[in-house]
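What's in run.csv: CSV, C-alpha atoms
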```csv
chain,number,residue,atom,x,y,z
A,1461,MET,CA,38.1,-11.9,-22.0
A,1462,THR,CA,35.1,-14.0,-22.7
A,1463,ASP,CA,32.5,-12.4,-25.0
A,1464,HIS,CA,28.7,-12.9,-24.9
A,1465,GLY,CA,28.8,-15.6,-27.5
A,1466,ASP,CA,31.3,-17.7,-25.5
A,1467,ARG,CA,29.1,-17.3,-22.4
A,1468,THR,CA,26.1,-18.4,-24.4
A,1469,ASP,CA,27.9,-21.5,-25.6
A,1470,VAL,CA,29.1,-22.3,-22.0
A,1471,THR,CA,25.6,-21.8,-20.6
A,1472,ARG,CA,24.0,-23.8,-23.4
A,1473,HIS,CA,26.4,-26.6,-22.7
A,1474,ARG,CA,25.6,-26.5,-19.0
A,1475,SER,CA,21.8,-26.6,-19.8
A,1476,GLU,CA,22.3,-29.9,-21.5
A,1477,THR,CA,23.7,-31.3,-18.2
A,1478,ASP,CA,21.6,-33.4,-16.0
A,1479,ALA,CA,20.1,-31.2,-13.3
A,1480,VAL,CA,21.6,-33.2,-10.4
A,1481,GLN,CA,24.9,-33.5,-12.2
A,1482,LEU,CA,25.1,-29.8,-12.0
A,1483,LEU,CA,26.3,-30.4,-8.5
A,1484,ASP,CA,29.6,-31.4,-10.0
A,1485,GLU,CA,30.2,-27.8,-11.0
A,1486,VAL,CA,29.7,-26.6,-7.4
A,1487,PRO,CA,32.8,-26.8,-5.1
A,1488,LEU,CA,31.4,-29.3,-2.6
A,1489,SER,CA,33.1,-32.2,-0.9
A,1490,GLU,CA,31.9,-35.7,-1.7
A,1491,ALA,CA,30.1,-35.8,1.7
A,1492,GLU,CA,28.5,-32.4,1.1
A,1493,ALA,CA,27.3,-33.5,-2.3
A,1494,GLU,CA,25.7,-36.6,-0.9
A,1495,TYR,CA,23.8,-34.5,1.7
A,1496,VAL,CA,22.6,-32.0,-1.0
A,1497,GLU,CA,21.2,-34.9,-3.0
A,1498,ALA,CA,19.6,-36.3,0.2
A,1499,ALA,CA,17.8,-33.0,0.7
A,1500,ARG,CA,15.5,-34.0,-2.2
A,1501,ALA,CA,13.6,-37.3,-2.4
A,1502,ALA,CA,14.6,-39.6,-5.2
A,1503,ASN,CA,11.2,-39.1,-6.9
A,1504,THR,CA,11.7,-35.3,-6.7
A,1505,LEU,CA,15.1,-35.5,-8.3
A,1506,ARG,CA,13.8,-37.7,-11.1
A,1507,GLY,CA,11.0,-35.1,-11.7
A,1508,TYR,CA,13.5,-32.3,-11.7
A,1509,ARG,CA,15.6,-34.1,-14.3
A,1510,SER,CA,12.6,-34.5,-16.6
A,1511,ASP,CA,11.3,-31.0,-16.1
A,1512,TRP,CA,14.7,-29.3,-16.6
A,1513,THR,CA,15.2,-31.3,-19.9
A,1514,GLU,CA,11.7,-30.2,-21.1
A,1515,PHE,CA,12.4,-26.5,-20.2
A,1516,THR,CA,15.8,-26.5,-21.9
A,1517,GLY,CA,14.3,-28.1,-25.0
A,1518,TRP,CA,11.7,-25.4,-25.2
A,1519,CYS,CA,14.4,-22.7,-24.9
A,1520,ALA,CA,16.3,-24.4,-27.8
A,1521,VAL,CA,13.3,-24.5,-30.1
A,1522,HIS,CA,12.3,-20.9,-29.3
A,1523,GLY,CA,15.4,-19.1,-30.4
A,1524,ASP,CA,18.1,-20.9,-28.4
A,1525,LEU,CA,17.2,-18.8,-25.4
A,1526,LEU,CA,19.6,-18.5,-22.4
A,1527,VAL,CA,18.6,-20.9,-19.6
A,1528,LEU,CA,21.2,-20.1,-17.0
A,1529,PRO,CA,20.4,-17.5,-15.8
A,1530,ALA,CA,16.9,-17.6,-17.3
A,1531,ALA,CA,15.3,-14.3,-18.1
A,1532,ALA,CA,11.9,-13.5,-16.6
A,1533,SER,CA,10.5,-13.2,-20.2
A,1534,THR,CA,11.8,-16.6,-21.0
A,1535,ILE,CA,10.0,-18.2,-18.1
A,1536,THR,CA,6.7,-16.3,-18.7
A,1537,GLY,CA,6.8,-17.2,-22.3
A,1538,TYR,CA,7.4,-20.9,-21.3
A,1539,LEU,CA,4.5,-20.8,-18.8
A,1540,SER,CA,2.2,-19.1,-21.3
A,1541,ASP,CA,2.9,-21.8,-23.9
A,1542,LEU,CA,2.3,-24.5,-21.4
A,1543,ALA,CA,-1.0,-22.9,-20.3
A,1544,LYS,CA,-2.2,-22.5,-23.9
A,1545,ALA,CA,-1.4,-26.1,-24.6
A,1546,GLY,CA,-3.6,-27.2,-21.7
A,1547,ALA,CA,-0.9,-28.2,-19.1
A,1548,LYS,CA,-2.2,-28.6,-15.6
A,1549,VAL,CA,-1.4,-26.0,-13.0
A,1550,GLY,CA,0.3,-28.7,-10.9
A,1551,THR,CA,2.5,-29.7,-13.8
A,1552,MET,CA,3.5,-26.0,-14.4
A,1553,SER,CA,4.2,-25.6,-10.7
A,1554,ARG,CA,6.6,-28.5,-10.7
A,1555,ARG,CA,8.4,-27.1,-13.7
A,1556,LEU,CA,8.9,-23.8,-11.9
A,1557,SER,CA,10.3,-25.7,-8.9
A,1558,ALA,CA,12.8,-27.5,-11.2
A,1559,ILE,CA,13.9,-24.2,-12.7
A,1560,LYS,CA,14.4,-22.7,-9.3
A,1561,PHE,CA,16.3,-25.7,-8.0
A,1562,VAL,CA,18.8,-25.7,-10.9
A,1563,HIS,CA,19.4,-22.0,-10.4
A,1564,GLN,CA,20.0,-22.5,-6.7
A,1565,LEU,CA,22.6,-25.2,-7.5
A,1566,GLN,CA,24.5,-22.6,-9.6
A,1567,ASN,CA,24.2,-20.0,-6.8
A,1568,LEU,CA,22.1,-17.9,-9.2
A,1569,PRO,CA,19.2,-15.6,-8.2
A,1570,ASP,CA,15.8,-17.3,-8.3
A,1571,PRO,CA,14.2,-16.2,-11.6
A,1572,THR,CA,10.8,-17.5,-10.5
A,1573,ALA,CA,10.6,-14.8,-7.8
A,1574,ASN,CA,10.7,-12.1,-10.4
A,1575,ALA,CA,7.7,-9.8,-10.3
A,1576,ARG,CA,6.9,-10.4,-13.9
A,1577,VAL,CA,6.9,-14.2,-13.4
A,1578,VAL,CA,4.9,-14.0,-10.2
A,1579,ALA,CA,2.2,-11.8,-11.9
A,1580,VAL,CA,1.9,-14.1,-15.0
A,1581,TRP,CA,1.9,-17.2,-12.8
A,1582,GLU,CA,-0.9,-15.8,-10.6
A,1583,GLY,CA,-2.9,-15.1,-13.6
A,1584,ILE,CA,-2.4,-18.6,-15.0
A,1585,ARG,CA,-3.5,-20.1,-11.7
A,1586,ARG,CA,-6.6,-18.0,-11.5
A,1587,THR,CA,-7.5,-18.7,-15.2
A,1588,HIS,CA,-6.6,-22.4,-15.5
A,1589,GLY,CA,-6.7,-23.6,-11.9
A,1590,ALA,CA,-8.9,-26.7,-11.3
A,1591,PRO,CA,-9.4,-29.2,-8.5
A,1592,PRO,CA,-6.7,-31.9,-8.7
A,1593,ASP,CA,-7.6,-35.2,-10.3
A,1594,ARG,CA,-8.4,-37.8,-7.6
A,1595,SER,CA,-8.0,-41.5,-7.9
A,1596,ALA,CA,-11.2,-43.5,-7.4
A,1597,PRO,CA,-11.3,-45.0,-3.9
A,1598,LEU,CA,-10.8,-48.8,-3.9
A,1599,MET,CA,-13.0,-50.2,-1.1
A,1600,PRO,CA,-15.5,-53.0,-0.4
A,1601,PRO,CA,-17.2,-54.6,-2.2
A,1602,GLU,CA,-14.8,-53.9,-5.2
A,1603,LEU,CA,-11.8,-54.4,-2.9
A,1604,PHE,CA,-13.0,-57.9,-2.0
A,1605,ASP,CA,-13.4,-58.7,-5.7
A,1606,VAL,CA,-9.8,-57.5,-6.5
A,1607,LEU,CA,-8.4,-59.6,-3.6
A,1608,ALA,CA,-10.3,-62.7,-4.7
A,1609,ALA,CA,-8.9,-62.3,-8.3
A,1610,CYS,CA,-5.3,-62.3,-7.1
A,1611,PRO,CA,-3.9,-65.7,-8.4
A,1612,THR,CA,-2.7,-68.1,-5.7
A,1613,THR,CA,-1.3,-71.0,-7.7
A,1614,LYS,CA,1.2,-70.9,-10.6
A,1615,THR,CA,1.2,-73.6,-13.1
A,1616,TRP,CA,4.0,-74.3,-15.6
A,1617,LYS,CA,4.1,-75.4,-19.2
A,1618,THR,CA,7.4,-77.2,-18.4
A,1619,LYS,CA,6.7,-80.9,-18.2
A,1620,GLY,CA,7.1,-82.4,-14.8
A,1621,ARG,CA,7.2,-79.1,-12.9
A,1622,ALA,CA,4.5,-79.2,-10.2
A,1623,PRO,CA,2.2,-76.2,-9.5
A,1624,GLU,CA,3.6,-73.7,-7.0
A,1625,PRO,CA,2.2,-70.8,-4.9
A,1626,ASP,CA,2.0,-67.8,-7.2
A,1627,LEU,CA,4.3,-65.3,-5.5
A,1628,ALA,CA,3.2,-62.3,-7.6
A,1629,GLY,CA,-0.4,-63.0,-6.7
A,1630,HIS,CA,0.4,-63.4,-3.0
A,1631,ARG,CA,2.5,-60.2,-3.1
A,1632,ASP,CA,-0.2,-58.2,-4.8
A,1633,LYS,CA,-2.8,-59.4,-2.3
A,1634,ALA,CA,-0.6,-58.4,0.6
A,1635,LEU,CA,0.3,-55.1,-1.0
A,1636,ILE,CA,-3.3,-54.2,-1.5
A,1637,LEU,CA,-4.5,-55.2,1.9
A,1638,VAL,CA,-1.6,-53.5,3.7
A,1639,GLY,CA,-1.9,-50.4,1.6
A,1640,PHE,CA,-5.6,-50.2,2.3
A,1641,VAL,CA,-5.8,-51.0,6.0
A,1642,ALA,CA,-2.6,-49.0,6.9
A,1643,ALA,CA,-3.6,-46.2,4.5
A,1644,LEU,CA,-0.1,-46.1,3.0
A,1645,ARG,CA,1.2,-44.0,0.2
A,1646,ARG,CA,2.9,-45.8,-2.7
A,1647,SER,CA,6.3,-44.4,-1.5
A,1648,GLU,CA,5.7,-45.8,1.9
A,1649,LEU,CA,4.7,-49.2,0.5
A,1650,ALA,CA,7.9,-49.3,-1.5
A,1651,ALA,CA,10.1,-48.1,1.4
A,1652,LEU,CA,8.6,-50.5,4.0
A,1653,ARG,CA,11.1,-53.0,5.4
A,1654,VAL,CA,10.7,-56.2,7.4
A,1655,GLU,CA,12.5,-54.5,10.3
A,1656,ASP,CA,9.7,-51.9,10.4
A,1657,ILE,CA,7.1,-54.6,11.3
A,1658,ASN,CA,6.5,-55.2,15.0
A,1659,ASP,CA,4.2,-57.8,16.6
A,1660,HIS,CA,1.4,-56.7,18.9
A,1661,ALA,CA,-1.3,-58.6,20.7
A,1662,ASN,CA,-3.9,-57.1,18.4
A,1663,GLY,CA,-1.9,-57.6,15.2
A,1664,LEU,CA,1.1,-55.7,13.7
A,1665,VAL,CA,2.5,-52.2,14.1
A,1666,LEU,CA,4.3,-50.6,11.1
A,1667,THR,CA,7.0,-48.0,11.9
A,1668,LEU,CA,7.3,-45.5,9.1
A,1669,THR,CA,10.6,-43.7,9.4
A,1670,ARG,CA,10.0,-41.5,6.3
A,1671,SER,CA,6.8,-40.2,4.7
A,1672,LYS,CA,5.6,-37.3,2.6
A,1673,THR,CA,4.9,-35.3,5.8
A,1674,ASN,CA,8.0,-36.6,7.6
A,1675,GLN,CA,10.8,-36.5,5.0
A,1676,THR,CA,13.6,-35.8,7.5
A,1677,GLY,CA,12.6,-38.6,9.9
A,1678,GLU,CA,12.4,-36.2,12.9
A,1679,HIS,CA,9.5,-38.1,14.4
A,1680,THR,CA,8.3,-41.7,14.0
A,1681,GLU,CA,4.9,-42.4,12.5
A,1682,LEU,CA,3.0,-45.6,13.3
A,1683,ALA,CA,0.3,-47.4,11.4
A,1684,VAL,CA,-1.5,-50.5,12.7
A,1685,LEU,CA,-2.7,-53.7,11.0
A,1686,PRO,CA,-5.4,-55.3,13.2
A,1687,ARG,CA,-6.2,-59.0,12.7
A,1688,GLY,CA,-9.3,-59.7,10.7
A,1689,GLY,CA,-11.9,-62.4,11.2
A,1690,ASN,CA,-11.7,-63.7,7.6
A,1691,PRO,CA,-8.2,-65.2,6.9
A,1692,ASP,CA,-8.4,-64.3,3.2
A,1693,ARG,CA,-8.9,-60.6,4.1
A,1694,CYS,CA,-6.8,-60.4,7.2
A,1695,PRO,CA,-3.8,-58.1,6.5
A,1696,VAL,CA,-1.7,-59.8,9.2
A,1697,THR,CA,-2.3,-63.3,7.8
A,1698,VAL,CA,-1.8,-62.3,4.2
A,1699,LEU,CA,1.3,-60.3,4.9
A,1700,GLN,CA,2.9,-63.1,6.9
A,1701,GLN,CA,2.1,-65.6,4.1
A,1702,TRP,CA,3.8,-63.4,1.6
A,1703,LEU,CA,6.9,-62.9,3.7
A,1704,GLU,CA,7.2,-66.7,4.3
A,1705,LEU,CA,6.7,-67.6,0.6
A,1706,ALA,CA,9.2,-64.9,-0.5
A,1707,GLY,CA,11.9,-66.7,1.4
A,1708,ALA,CA,11.1,-66.4,5.0
A,1709,LEU,CA,12.1,-62.8,4.9
A,1710,THR,CA,13.5,-61.3,8.2
A,1711,THR,CA,15.2,-58.2,6.8
A,1712,GLY,CA,15.1,-55.9,3.8
A,1713,PRO,CA,12.3,-54.7,1.6
A,1714,VAL,CA,8.8,-56.1,2.3
A,1715,PHE,CA,7.4,-55.7,-1.2
A,1716,ARG,CA,9.7,-56.9,-4.0
A,1717,PRO,CA,9.5,-57.7,-7.7
A,1718,VAL,CA,8.9,-61.4,-8.6
A,1719,GLY,CA,11.1,-62.9,-11.3
A,1720,LYS,CA,10.1,-65.2,-14.1
A,1721,SER,CA,11.2,-68.2,-12.1
A,1722,ASN,CA,8.6,-67.3,-9.4
A,1723,THR,CA,11.2,-66.1,-6.9
A,1724,ALA,CA,11.3,-62.8,-5.0
A,1725,LEU,CA,14.1,-60.5,-6.1
A,1726,PRO,CA,16.3,-58.9,-3.4
A,1727,ARG,CA,15.3,-55.3,-4.2
A,1728,ALA,CA,12.3,-53.2,-3.4
A,1729,LEU,CA,9.5,-52.4,-5.8
A,1730,ASN,CA,9.8,-49.1,-7.6
A,1731,PRO,CA,7.1,-46.7,-6.3
A,1732,GLU,CA,6.0,-46.0,-9.9
A,1733,SER,CA,5.5,-49.7,-10.6
A,1734,ILE,CA,3.0,-50.0,-7.7
A,1735,ASN,CA,0.5,-48.0,-9.8
A,1736,THR,CA,0.8,-50.6,-12.5
A,1737,LEU,CA,0.4,-53.5,-10.1
A,1738,ILE,CA,-2.8,-52.0,-8.6
A,1739,GLN,CA,-4.3,-51.4,-12.1
A,1740,ARG,CA,-3.5,-54.9,-13.2
A,1741,ALA,CA,-5.1,-56.3,-10.0
A,1742,VAL,CA,-8.2,-54.2,-10.6
A,1743,ALA,CA,-8.4,-55.4,-14.2
A,1744,ARG,CA,-8.2,-59.0,-13.2
A,1745,ALA,CA,-11.4,-58.5,-11.2
A,1746,GLY,CA,-13.2,-57.3,-14.4
A,1747,ILE,CA,-13.2,-53.7,-13.3
A,1748,ASP,CA,-12.2,-50.8,-15.5
A,1749,PRO,CA,-8.7,-49.9,-14.0
A,1750,THR,CA,-8.6,-46.4,-15.6
A,1751,PRO,CA,-9.6,-44.4,-12.5
A,1752,TYR,CA,-7.6,-46.4,-10.1
A,1753,SER,CA,-4.0,-46.0,-8.8
A,1754,ALA,CA,-1.9,-46.8,-5.8
A,1755,HIS,CA,-3.5,-43.8,-4.1
A,1756,SER,CA,-6.9,-45.6,-4.4
A,1757,LEU,CA,-5.9,-47.7,-1.4
A,1758,ARG,CA,-5.4,-44.8,0.9
A,1759,ALA,CA,-8.4,-43.0,-0.5
A,1760,GLY,CA,-10.4,-46.1,-0.1
A,1761,PHE,CA,-9.6,-46.5,3.5
A,1762,ILE,CA,-10.5,-42.9,4.3
A,1763,THR,CA,-13.8,-43.1,2.4
A,1764,TYR,CA,-14.8,-46.5,3.7
A,1765,ALA,CA,-13.9,-45.7,7.3
A,1766,HIS,CA,-16.0,-42.5,7.1
A,1767,LEU,CA,-18.9,-44.4,5.7
A,1768,ARG,CA,-18.6,-46.9,8.5
A,1769,GLY,CA,-18.9,-44.1,11.1
A,1770,ALA,CA,-15.3,-43.4,12.0
A,1771,THR,CA,-14.6,-39.9,13.2
A,1772,ASP,CA,-12.1,-37.7,11.3
A,1773,ARG,CA,-9.8,-37.8,14.3
A,1774,ALA,CA,-9.8,-41.6,14.3
A,1775,ILE,CA,-9.2,-41.7,10.6
A,1776,ALA,CA,-6.3,-39.2,10.9
A,1777,HIS,CA,-4.8,-41.4,13.6
A,1778,GLN,CA,-4.2,-44.1,11.0
A,1779,THR,CA,-3.6,-41.9,7.9
A,1780,ARG,CA,-1.3,-39.5,9.9
A,1781,HIS,CA,-2.9,-36.4,8.4
A,1782,GLN,CA,-1.9,-33.3,10.3
A,1783,SER,CA,-4.9,-31.4,9.1
A,1784,LEU,CA,-8.4,-32.9,9.6
A,1785,ALA,CA,-9.6,-30.5,6.8
A,1786,THR,CA,-7.6,-32.5,4.3
A,1787,LEU,CA,-9.8,-35.6,4.9
A,1788,GLY,CA,-12.9,-33.8,3.6
A,1789,GLY,CA,-11.7,-33.9,0.0
A,1790,TYR,CA,-11.8,-37.7,0.0
A,1791,VAL,CA,-15.4,-38.1,1.2
A,1792,ARG,CA,-17.0,-35.0,-0.3
A,1793,ILE,CA,-18.5,-36.8,-3.3
A,1794,HIS,CA,-20.0,-39.6,-1.1
A,1795,ASN,CA,-21.4,-37.1,1.4
A,1796,ALA,CA,-23.1,-35.2,-1.4
A,1797,TRP,CA,-25.7,-37.9,-1.5
A,1798,THR,CA,-26.3,-38.2,2.3
A,1799,ASP,CA,-29.5,-36.6,3.6
A,1800,ASN,CA,-29.9,-34.6,0.4
A,1801,ALA,CA,-33.4,-33.3,-0.5
A,1802,ALA,CA,-32.7,-33.8,-4.2
A,1803,THR,CA,-33.1,-37.5,-3.7
A,1804,THR,CA,-36.6,-37.1,-2.3
A,1805,LEU,CA,-38.2,-35.2,-5.2
A,1806,GLY,CA,-39.9,-38.2,-6.7
A,1807,LEU,CA,-39.3,-37.1,-10.3
```
What would the structure in this file look like if it were written as structure tokens?
Amino acid sequence: MTDHGDRTDVTRHRSETDAVQLLDEVPLSEAEAEYVEAARAANTLRGYRSDWTEFTGWCAVHGDLLVLPAAASTITGYLSDLAKAGAKVGTMSRRLSAIKFVHQLQNLPDPTANARVVAVWEGIRRTHGAPPDRSAPLMPPELFDVLAACPTTKTWKTKGRAPEPDLAGHRDKALILVGFVAALRRSELAALRVEDINDHANGLVLTLTRSKTNQTGEHTELAVLPRGGNPDRCPVTVLQQWLELAGALTTGPVFRPVGKSNTALPRALNPESINTLIQRAVARAGIDPTPYSAHSLRAGFITYAHLRGATDRAIAHQTRHQSLATLGGYVRIHNAWTDNAATTLGL
């Protein structure tokens, strides 16, 4: 018969296991395990790994607490410490999701649904809740400065090697223009494939088989890239230039890393690296990159289209927002200055 100490050792050993690897302890066939992993996006699984490791580390430091199953008092103590340390509500919410996920994999009751946890969590949300940080919108005229700063020619220190088109610069320019005009999320930019691009008399149509709001692919989402009058700012022209320079791509990922030899690699960009690329592009234009991220392209489209007089419904047609109310958060700051009596006081 196994005593409590043995169970603690077993549970502690299991807590050190990667959250997704815990699937190995569940009696699933290989095909079933693949589908279980497919139920969560890759980014979500990476987040669960990190969050579970953080939680188990906290339990080890605070008296080697049992993590599977986790007691309600363990979770409330963990949440309280996070809140006191200044963790954001969104971060804590994600940690709770990871704890719930791992318990589900072990066919254990969800400890986050315990009344004690629910009560403490509600109190933390009321006390520490704050509007989420938003990336600054990247839109004209700053957008034009960022595009102009993308390098187009690469020179070499190697004697005798002639200048070449700068693939990374052309890729960044295409990435920024497509991300802005099509109002794409970074995950959608990373997942976009050449096969998803279709010609149209007015430009190009992008078929998005997966998105944040369409993770199962049950319905197809479309975004358009209309032709622009200025070739340097035309998303169709710039995208086609990149595809040609990258090796006349006809299949596979659209946006790829560029190697040191100035050649496009066969794999897709990592979604996380797109943030870095955007910030570097902004910095090249002499703009402080701190408030900008990949989401600045989508936010920039929404804000700029609104300022240009587009209706919420027309904007949502491109952004694929299911709720028009969501769009308000992007333009609220700019609207605050419109027709506001505070600007007419003459002080």
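For the pair CA of Leu1568 in chain A and CA of Ile1584 in chain A, the interatomic distance is 25.2 Å.
Between CA of Cys1694 in chain A and CA of Asn1735 in chain A lies a distance of 22.3 Å.
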A:Asp1570, A:Asp1632, A:Glu1624, A:Asp1605 ranked by distance to Arg1740 in chain A, top pick (using all atoms listed in the file): A:Asp1632
12 Å contact set for Gly1523 in chain A, all atoms listed in the file, chain neighbours under 5 positions out, as a PyMOL selection string: chain A and resi 1516-1518+1534+1537
Closest of A:Thr1680, A:Ala1745, A:Thr1771, A:Leu1539 to Pro1611 in chain A - atom-to-atom distances counting only C-alpha atoms: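 Selected residue with least distance to Pro1611 in chain A: A:Ala1745.
Across A:Ala1728, A:Ala1558, A:Ala1765, A:Met1599, the tightest approach to Leu1637 in chain A is made by A:Met1599 when counting only C-alpha atoms.
In terms of minimum interatomic distance to Glu1514 in chain A, A:Thr1551 ranks closest within A:Thr1551, A:Thr1587, A:Asn1690, A:Ser1533, counting all atoms listed in the file.
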From A:Lys1548, A:Arg1768, A:Lys1633, A:Lys1619, residue lying nearest Thr1697 in chain A [only C-alpha atoms]: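 Closest candidate: A:Lys1633.
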Mind checking which residues fall within 9 Å of Pro1597 in chain A, counting all atoms listed in the file, ignoring those fewer than 5 positions away in the same chain, and posting them as a list of chain:residue names?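 Listing them by chain and then by number gives A:Pro1751, A:Tyr1752, A:Ser1753, A:His1755, A:Ser1756, A:Leu1757, A:Arg1758, A:Ala1759, A:Gly1760, A:Phe1761, A:Ile1762, A:Thr1763, A:Tyr1764, A:Tyr1790.
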Have a look at CA of Thr1536 in chain A and CA of Arg1576 in chain A and let me know their distance in Å, one decimal.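 Pair CA of Thr1536 in chain A / CA of Arg1576 in chain A returns 7.6 Å.
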For Leu1603 in chain A, which residue among A:Pro1717, A:Gly1707, A:Gly1550, A:Gly1639 is the nearest when counting only C-alpha atoms? A:Gly1639
